[in-house]
Amino acid sequence: MNNFSGKIFVVTGPSGAGKDSVLKTAKQMGLKFGAVITTTTRAMRPGEAEENPYYFLSREEFETRIKNGEMIEYAEVYGNLYGNTKEELEKVAKKNEVVIIKVDPQGARTYKQVFPEITTIFIQPPDFDFLEKHLVDRATDSPEVIKKRLEVAKEELENLGQWDKIIVNYENQLEKTAQKLLDIIQKQ
């Protein structure tokens, strides 16, 4: 697994920018891809299950995987560990012509260091107010966590030059945003 050029795309962006919605819409529009499922120590939210959208592990199990060298990348984000296993990437890459990895910007930077040939795609909110409203409206985090997410997002939005491609996810234009993602992948 040395050359992922044109095969692996890392989709990233600040929390609340709409990464999941863009990917779901792109899939509905015909994008065929294998998704690398992230492993996390965070608790399941209502409507979630194992492998949907994460593999859920205890902190102890996750730390054992780190010690055993099983993780490509991992990070502690808002008090929980998130990361991708080598086994998951290999499994998905064998079965699919296009592989999409959805991770936070810290994870995306690590992927780019490990696999410089992959394409990073940053999903950017149209503005900071949109991001704040989306985080509050989805009602999954405490005000303290939302504040932390917004602080991190501000830093991320000030450093856009590190990404291969940037797509602005304008409000009420999800299909246009998804089409831009499709276009990037098809050109590769």
# chains A, B, ... in the order shown; residues from 1 in each chain; ligands from 1
$ closest_atom_pairs --of "segment 87-175 of chain A" --to "segment 10-30 of chain A" --cutoff "6 Å" --atoms "only C-alpha atoms" --output "CSV"
residue,atom,partner,partner_atom,distance
A:Ile100,CA,A:Val10,CA,5.8
A:Ile101,CA,A:Val10,CA,4.7
A:Lys102,CA,A:Val11,CA,4.8
A:Val103,CA,A:Thr12,CA,5.4
A:Asp104,CA,A:Thr12,CA,5.4
A:Pro105,CA,A:Thr12,CA,5.6
A:Thr120,CA,A:Val10,CA,4.7
A:Ile121,CA,A:Val11,CA,4.8
A:Phe122,CA,A:Thr12,CA,4.9
A:Ile123,CA,A:Gly13,CA,4.8
A:Pro125,CA,A:Ala17,CA,5.0
A:Leu131,CA,A:Gly16,CA,5.8
A:His134,CA,A:Gly16,CA,5.9
A:Leu135,CA,A:Gly16,CA,5.5
A:Ala153,CA,A:Pro14,CA,5.1
$ write_last_selection --atoms "N, CA and C atoms" --output "PDB file, in the first residue's frame"
ATOM      1  N   ILE A 100     -12.758   7.139   1.119  1.00  0.00           N
ATOM      2  CA  ILE A 100     -12.889   8.441   1.786  1.00  0.00           C
ATOM      3  C   ILE A 100     -12.708   8.248   3.286  1.00  0.00           C
ATOM      4  N   ILE A 101     -11.841   9.092   3.825  1.00  0.00           N
ATOM      5  CA  ILE A 101     -11.588   9.096   5.258  1.00  0.00           C
ATOM      6  C   ILE A 101     -12.050  10.448   5.773  1.00  0.00           C
ATOM      7  N   LYS A 102     -13.017  10.431   6.686  1.00  0.00           N
ATOM      8  CA  LYS A 102     -13.530  11.668   7.283  1.00  0.00           C
ATOM      9  C   LYS A 102     -12.906  11.786   8.670  1.00  0.00           C
ATOM     10  N   VAL A 103     -12.066  12.796   8.826  1.00  0.00           N
ATOM     11  CA  VAL A 103     -11.394  13.005  10.113  1.00  0.00           C
ATOM     12  C   VAL A 103     -11.321  14.489  10.428  1.00  0.00           C
ATOM     13  N   ASP A 104     -10.999  14.786  11.673  1.00  0.00           N
ATOM     14  CA  ASP A 104     -10.792  16.182  12.052  1.00  0.00           C
ATOM     15  C   ASP A 104      -9.487  16.676  11.418  1.00  0.00           C
ATOM     16  N   PRO A 105      -9.275  17.980  11.371  1.00  0.00           N
ATOM     17  CA  PRO A 105      -8.063  18.508  10.727  1.00  0.00           C
ATOM     18  C   PRO A 105      -6.750  17.958  11.284  1.00  0.00           C
ATOM     19  N   THR A 120      -6.324  15.952   0.300  1.00  0.00           N
ATOM     20  CA  THR A 120      -7.096  16.437   1.443  1.00  0.00           C
ATOM     21  C   THR A 120      -8.115  17.462   0.949  1.00  0.00           C
ATOM     22  N   ILE A 121      -9.344  17.319   1.429  1.00  0.00           N
ATOM     23  CA  ILE A 121     -10.443  18.206   1.040  1.00  0.00           C
ATOM     24  C   ILE A 121     -11.045  18.789   2.314  1.00  0.00           C
ATOM     25  N   PHE A 122     -10.986  20.106   2.428  1.00  0.00           N
ATOM     26  CA  PHE A 122     -11.482  20.803   3.614  1.00  0.00           C
ATOM     27  C   PHE A 122     -12.875  21.346   3.331  1.00  0.00           C
ATOM     28  N   ILE A 123     -13.848  20.932   4.148  1.00  0.00           N
ATOM     29  CA  ILE A 123     -15.209  21.453   4.050  1.00  0.00           C
ATOM     30  C   ILE A 123     -15.274  22.672   4.967  1.00  0.00           C
ATOM     31  N   PRO A 125     -17.259  26.079   6.432  1.00  0.00           N
ATOM     32  CA  PRO A 125     -18.562  26.727   6.581  1.00  0.00           C
ATOM     33  C   PRO A 125     -18.537  28.084   5.873  1.00  0.00           C
ATOM     34  N   LEU A 131     -21.535  28.292  11.462  1.00  0.00           N
ATOM     35  CA  LEU A 131     -20.952  27.186  12.219  1.00  0.00           C
ATOM     36  C   LEU A 131     -21.492  27.161  13.645  1.00  0.00           C
ATOM     37  N   HIS A 134     -25.134  26.020  13.688  1.00  0.00           N
ATOM     38  CA  HIS A 134     -25.252  24.588  13.424  1.00  0.00           C
ATOM     39  C   HIS A 134     -24.883  23.762  14.660  1.00  0.00           C
ATOM     40  N   LEU A 135     -23.808  24.144  15.337  1.00  0.00           N
ATOM     41  CA  LEU A 135     -23.405  23.408  16.541  1.00  0.00           C
ATOM     42  C   LEU A 135     -24.454  23.516  17.645  1.00  0.00           C
ATOM     43  N   ALA A 153     -12.234  25.707  15.741  1.00  0.00           N
ATOM     44  CA  ALA A 153     -12.648  26.028  14.368  1.00  0.00           C
ATOM     45  C   ALA A 153     -12.055  27.355  13.907  1.00  0.00           C
TER      46      ALA A 153
END
$ residues_around --residues "Val99 of chain A" --least-positions-apart "3" --cutoff "7 Å" --atoms "only C-alpha atoms" --output "list of chain:residue names"
A:Lys7, A:Ile8, A:Phe9, A:Phe33, A:Gly34, A:Ala35, A:Val92, A:Ala93, A:Asn96
$ residues_around --residues "Gln124 of chain A" --least-positions-apart "6" --cutoff "6 Å" --atoms "only C-alpha atoms" --output "PDB file with N, CA and C atoms, in the first residue's frame"
ATOM      1  N   ILE A 167     -13.735  23.342  -0.119  1.00  0.00           N
ATOM      2  CA  ILE A 167     -15.107  23.463  -0.613  1.00  0.00           C
ATOM      3  C   ILE A 167     -15.906  24.204   0.448  1.00  0.00           C
ATOM      4  N   VAL A 168     -16.523  25.308   0.064  1.00  0.00           N
ATOM      5  CA  VAL A 168     -17.377  26.048   0.999  1.00  0.00           C
ATOM      6  C   VAL A 168     -18.767  25.411   0.960  1.00  0.00           C
ATOM      7  N   ASN A 169     -19.274  25.051   2.116  1.00  0.00           N
ATOM      8  CA  ASN A 169     -20.592  24.428   2.251  1.00  0.00           C
ATOM      9  C   ASN A 169     -21.612  25.526   2.590  1.00  0.00           C
TER      10      ASN A 169
END
$ residues_around --residues "segment 182-184 of chain A" --least-positions-apart "3" --cutoff "8 Å" --atoms "only C-alpha atoms" --output "list of chain:residue names"
A:Ala26, A:Leu31, A:Ala178, A:Gln179, A:Lys187, A:Gln188
$ atom_distance --atom1 "atom CA of Glu144 of chain A" --atom2 "atom CA of Ala108 of chain A"
24.6 Å
$ residues_around --residues "Thr110 of chain A" --least-positions-apart "3" --cutoff "12 Å" --atoms "only C-alpha atoms" --output "short mmCIF file (atom, residue, chain, number, x, y, z; two decimals) with N, CA and C atoms, in the first residue's frame"
data_model
loop_
_atom_site.label_atom_id
_atom_site.label_comp_id
_atom_site.auth_asym_id
_atom_site.auth_seq_id
_atom_site.Cartn_x
_atom_site.Cartn_y
_atom_site.Cartn_z
N VAL A 10 -9.09 12.46 1.92
CA VAL A 10 -9.36 12.77 3.31
C VAL A 10 -10.26 13.99 3.33
N THR A 12 -12.12 16.71 5.58
CA THR A 12 -11.95 17.28 6.91
C THR A 12 -12.63 18.64 6.98
N MET A 71 -2.71 1.82 15.08
CA MET A 71 -3.37 3.05 14.64
C MET A 71 -2.51 3.78 13.61
N ILE A 72 -3.13 4.25 12.52
CA ILE A 72 -2.43 5.12 11.57
C ILE A 72 -2.29 6.49 12.19
N GLU A 73 -3.38 6.95 12.74
CA GLU A 73 -3.40 8.26 13.39
C GLU A 73 -4.43 8.21 14.49
N TYR A 74 -4.23 9.07 15.48
CA TYR A 74 -5.20 9.20 16.56
C TYR A 74 -4.98 10.53 17.24
N ALA A 75 -6.00 10.98 17.90
CA ALA A 75 -5.90 12.24 18.63
C ALA A 75 -6.95 12.25 19.73
N GLY A 83 -9.47 7.81 16.12
CA GLY A 83 -8.38 7.42 15.24
C GLY A 83 -8.82 6.37 14.24
N ASN A 84 -7.89 6.06 13.33
CA ASN A 84 -8.14 5.05 12.30
C ASN A 84 -7.10 3.95 12.41
N VAL A 103 -12.07 12.80 8.83
CA VAL A 103 -11.39 13.00 10.11
C VAL A 103 -11.32 14.49 10.43
N ASP A 104 -11.00 14.79 11.67
CA ASP A 104 -10.79 16.18 12.05
C ASP A 104 -9.49 16.68 11.42
N PRO A 105 -9.28 17.98 11.37
CA PRO A 105 -8.06 18.51 10.73
C PRO A 105 -6.75 17.96 11.28
N GLN A 106 -6.69 17.71 12.58
CA GLN A 106 -5.47 17.15 13.16
C GLN A 106 -5.18 15.78 12.54
N GLY A 107 -6.20 14.94 12.42
CA GLY A 107 -6.04 13.63 11.80
C GLY A 107 -5.69 13.74 10.33
N GLN A 113 0.95 13.52 6.24
CA GLN A 113 2.36 13.24 6.55
C GLN A 113 2.71 11.79 6.24
N VAL A 114 1.81 10.86 6.59
CA VAL A 114 2.07 9.44 6.38
C VAL A 114 1.95 9.07 4.90
N PHE A 115 0.94 9.64 4.22
CA PHE A 115 0.68 9.34 2.81
C PHE A 115 0.61 10.66 2.03
N PRO A 116 1.75 11.25 1.66
CA PRO A 116 1.76 12.57 1.01
C PRO A 116 1.00 12.62 -0.32
N ILE A 118 -1.98 11.42 -1.02
CA ILE A 118 -3.44 11.49 -0.94
C ILE A 118 -3.92 12.93 -1.08
N THR A 120 -6.32 15.95 0.30
CA THR A 120 -7.10 16.44 1.44
C THR A 120 -8.12 17.46 0.95
N GLN A 162 -3.08 24.82 4.00
CA GLN A 162 -2.48 23.49 4.14
C GLN A 162 -3.25 22.39 3.42
#
$ decode --residues "segment 62-142 of chain A" --atoms "C-alpha atoms" --output "PDB file, in the first residue's frame"
ATOM      1  CA  PHE A  62      -8.033   2.148  22.397  1.00  0.00           C
ATOM      2  CA  GLU A  63      -4.775   2.748  24.289  1.00  0.00           C
ATOM      3  CA  THR A  64      -3.846  -0.923  23.823  1.00  0.00           C
ATOM      4  CA  ARG A  65      -4.249  -0.499  20.059  1.00  0.00           C
ATOM      5  CA  ILE A  66      -1.980   2.550  20.178  1.00  0.00           C
ATOM      6  CA  LYS A  67       0.688   0.614  22.114  1.00  0.00           C
ATOM      7  CA  ASN A  68       0.442  -2.263  19.622  1.00  0.00           C
ATOM      8  CA  GLY A  69       1.048   0.093  16.668  1.00  0.00           C
ATOM      9  CA  GLU A  70      -2.384  -0.614  15.165  1.00  0.00           C
ATOM     10  CA  MET A  71      -3.366   3.046  14.637  1.00  0.00           C
ATOM     11  CA  ILE A  72      -2.426   5.116  11.568  1.00  0.00           C
ATOM     12  CA  GLU A  73      -3.395   8.261  13.394  1.00  0.00           C
ATOM     13  CA  TYR A  74      -5.203   9.196  16.558  1.00  0.00           C
ATOM     14  CA  ALA A  75      -5.900  12.237  18.633  1.00  0.00           C
ATOM     15  CA  GLU A  76      -7.673  13.282  21.764  1.00  0.00           C
ATOM     16  CA  VAL A  77     -10.501  15.574  20.741  1.00  0.00           C
ATOM     17  CA  TYR A  78     -12.775  17.182  23.326  1.00  0.00           C
ATOM     18  CA  GLY A  79     -11.805  14.563  25.924  1.00  0.00           C
ATOM     19  CA  ASN A  80     -12.260  11.478  23.717  1.00  0.00           C
ATOM     20  CA  LEU A  81      -9.825   9.501  21.588  1.00  0.00           C
ATOM     21  CA  TYR A  82     -10.473   9.203  17.837  1.00  0.00           C
ATOM     22  CA  GLY A  83      -8.383   7.415  15.241  1.00  0.00           C
ATOM     23  CA  ASN A  84      -8.142   5.054  12.304  1.00  0.00           C
ATOM     24  CA  THR A  85      -6.647   1.592  12.353  1.00  0.00           C
ATOM     25  CA  LYS A  86      -4.284   0.236   9.709  1.00  0.00           C
ATOM     26  CA  GLU A  87      -6.518  -2.829   9.475  1.00  0.00           C
ATOM     27  CA  GLU A  88      -9.605  -0.746   8.604  1.00  0.00           C
ATOM     28  CA  LEU A  89      -7.791   1.268   5.910  1.00  0.00           C
ATOM     29  CA  GLU A  90      -6.359  -1.864   4.300  1.00  0.00           C
ATOM     30  CA  LYS A  91      -9.744  -3.605   4.349  1.00  0.00           C
ATOM     31  CA  VAL A  92     -11.541  -0.671   2.715  1.00  0.00           C
ATOM     32  CA  ALA A  93      -8.758   0.052   0.180  1.00  0.00           C
ATOM     33  CA  LYS A  94      -8.804  -3.563  -1.063  1.00  0.00           C
ATOM     34  CA  LYS A  95     -12.547  -3.440  -1.777  1.00  0.00           C
ATOM     35  CA  ASN A  96     -12.967   0.045  -3.292  1.00  0.00           C
ATOM     36  CA  GLU A  97     -11.605   2.185  -6.113  1.00  0.00           C
ATOM     37  CA  VAL A  98     -12.274   5.337  -4.079  1.00  0.00           C
ATOM     38  CA  VAL A  99     -11.707   5.526  -0.331  1.00  0.00           C
ATOM     39  CA  ILE A 100     -12.889   8.441   1.786  1.00  0.00           C
ATOM     40  CA  ILE A 101     -11.588   9.096   5.258  1.00  0.00           C
ATOM     41  CA  LYS A 102     -13.530  11.668   7.283  1.00  0.00           C
ATOM     42  CA  VAL A 103     -11.394  13.005  10.113  1.00  0.00           C
ATOM     43  CA  ASP A 104     -10.792  16.182  12.052  1.00  0.00           C
ATOM     44  CA  PRO A 105      -8.063  18.508  10.727  1.00  0.00           C
ATOM     45  CA  GLN A 106      -5.471  17.148  13.163  1.00  0.00           C
ATOM     46  CA  GLY A 107      -6.038  13.626  11.798  1.00  0.00           C
ATOM     47  CA  ALA A 108      -6.006  14.918   8.220  1.00  0.00           C
ATOM     48  CA  ARG A 109      -2.587  16.476   8.757  1.00  0.00           C
ATOM     49  CA  THR A 110      -1.279  13.171  10.097  1.00  0.00           C
ATOM     50  CA  TYR A 111      -2.650  11.281   7.086  1.00  0.00           C
ATOM     51  CA  LYS A 112      -0.962  13.775   4.750  1.00  0.00           C
ATOM     52  CA  GLN A 113       2.358  13.237   6.546  1.00  0.00           C
ATOM     53  CA  VAL A 114       2.067   9.437   6.380  1.00  0.00           C
ATOM     54  CA  PHE A 115       0.676   9.342   2.805  1.00  0.00           C
ATOM     55  CA  PRO A 116       1.755  12.569   1.008  1.00  0.00           C
ATOM     56  CA  GLU A 117       0.134  11.444  -2.260  1.00  0.00           C
ATOM     57  CA  ILE A 118      -3.438  11.489  -0.937  1.00  0.00           C
ATOM     58  CA  THR A 119      -5.806  14.423  -1.520  1.00  0.00           C
ATOM     59  CA  THR A 120      -7.096  16.437   1.443  1.00  0.00           C
ATOM     60  CA  ILE A 121     -10.443  18.206   1.040  1.00  0.00           C
ATOM     61  CA  PHE A 122     -11.482  20.803   3.614  1.00  0.00           C
ATOM     62  CA  ILE A 123     -15.209  21.453   4.050  1.00  0.00           C
ATOM     63  CA  GLN A 124     -15.472  25.093   5.084  1.00  0.00           C
ATOM     64  CA  PRO A 125     -18.562  26.727   6.581  1.00  0.00           C
ATOM     65  CA  PRO A 126     -19.712  29.892   4.778  1.00  0.00           C
ATOM     66  CA  ASP A 127     -19.015  31.929   7.905  1.00  0.00           C
ATOM     67  CA  PHE A 128     -18.436  31.594  11.609  1.00  0.00           C
ATOM     68  CA  ASP A 129     -22.043  32.452  12.555  1.00  0.00           C
ATOM     69  CA  PHE A 130     -23.308  29.551  10.404  1.00  0.00           C
ATOM     70  CA  LEU A 131     -20.952  27.186  12.219  1.00  0.00           C
ATOM     71  CA  GLU A 132     -22.011  28.393  15.658  1.00  0.00           C
ATOM     72  CA  LYS A 133     -25.716  28.113  14.785  1.00  0.00           C
ATOM     73  CA  HIS A 134     -25.252  24.588  13.424  1.00  0.00           C
ATOM     74  CA  LEU A 135     -23.405  23.408  16.541  1.00  0.00           C
ATOM     75  CA  VAL A 136     -26.065  24.876  18.830  1.00  0.00           C
ATOM     76  CA  ASP A 137     -29.011  23.616  16.726  1.00  0.00           C
ATOM     77  CA  ARG A 138     -27.818  20.008  16.569  1.00  0.00           C
ATOM     78  CA  ALA A 139     -28.019  19.941  20.399  1.00  0.00           C
ATOM     79  CA  THR A 140     -25.486  17.155  20.931  1.00  0.00           C
ATOM     80  CA  ASP A 141     -22.920  19.053  22.997  1.00  0.00           C
ATOM     81  CA  SER A 142     -22.824  21.108  26.177  1.00  0.00           C
TER      82      SER A 142
END
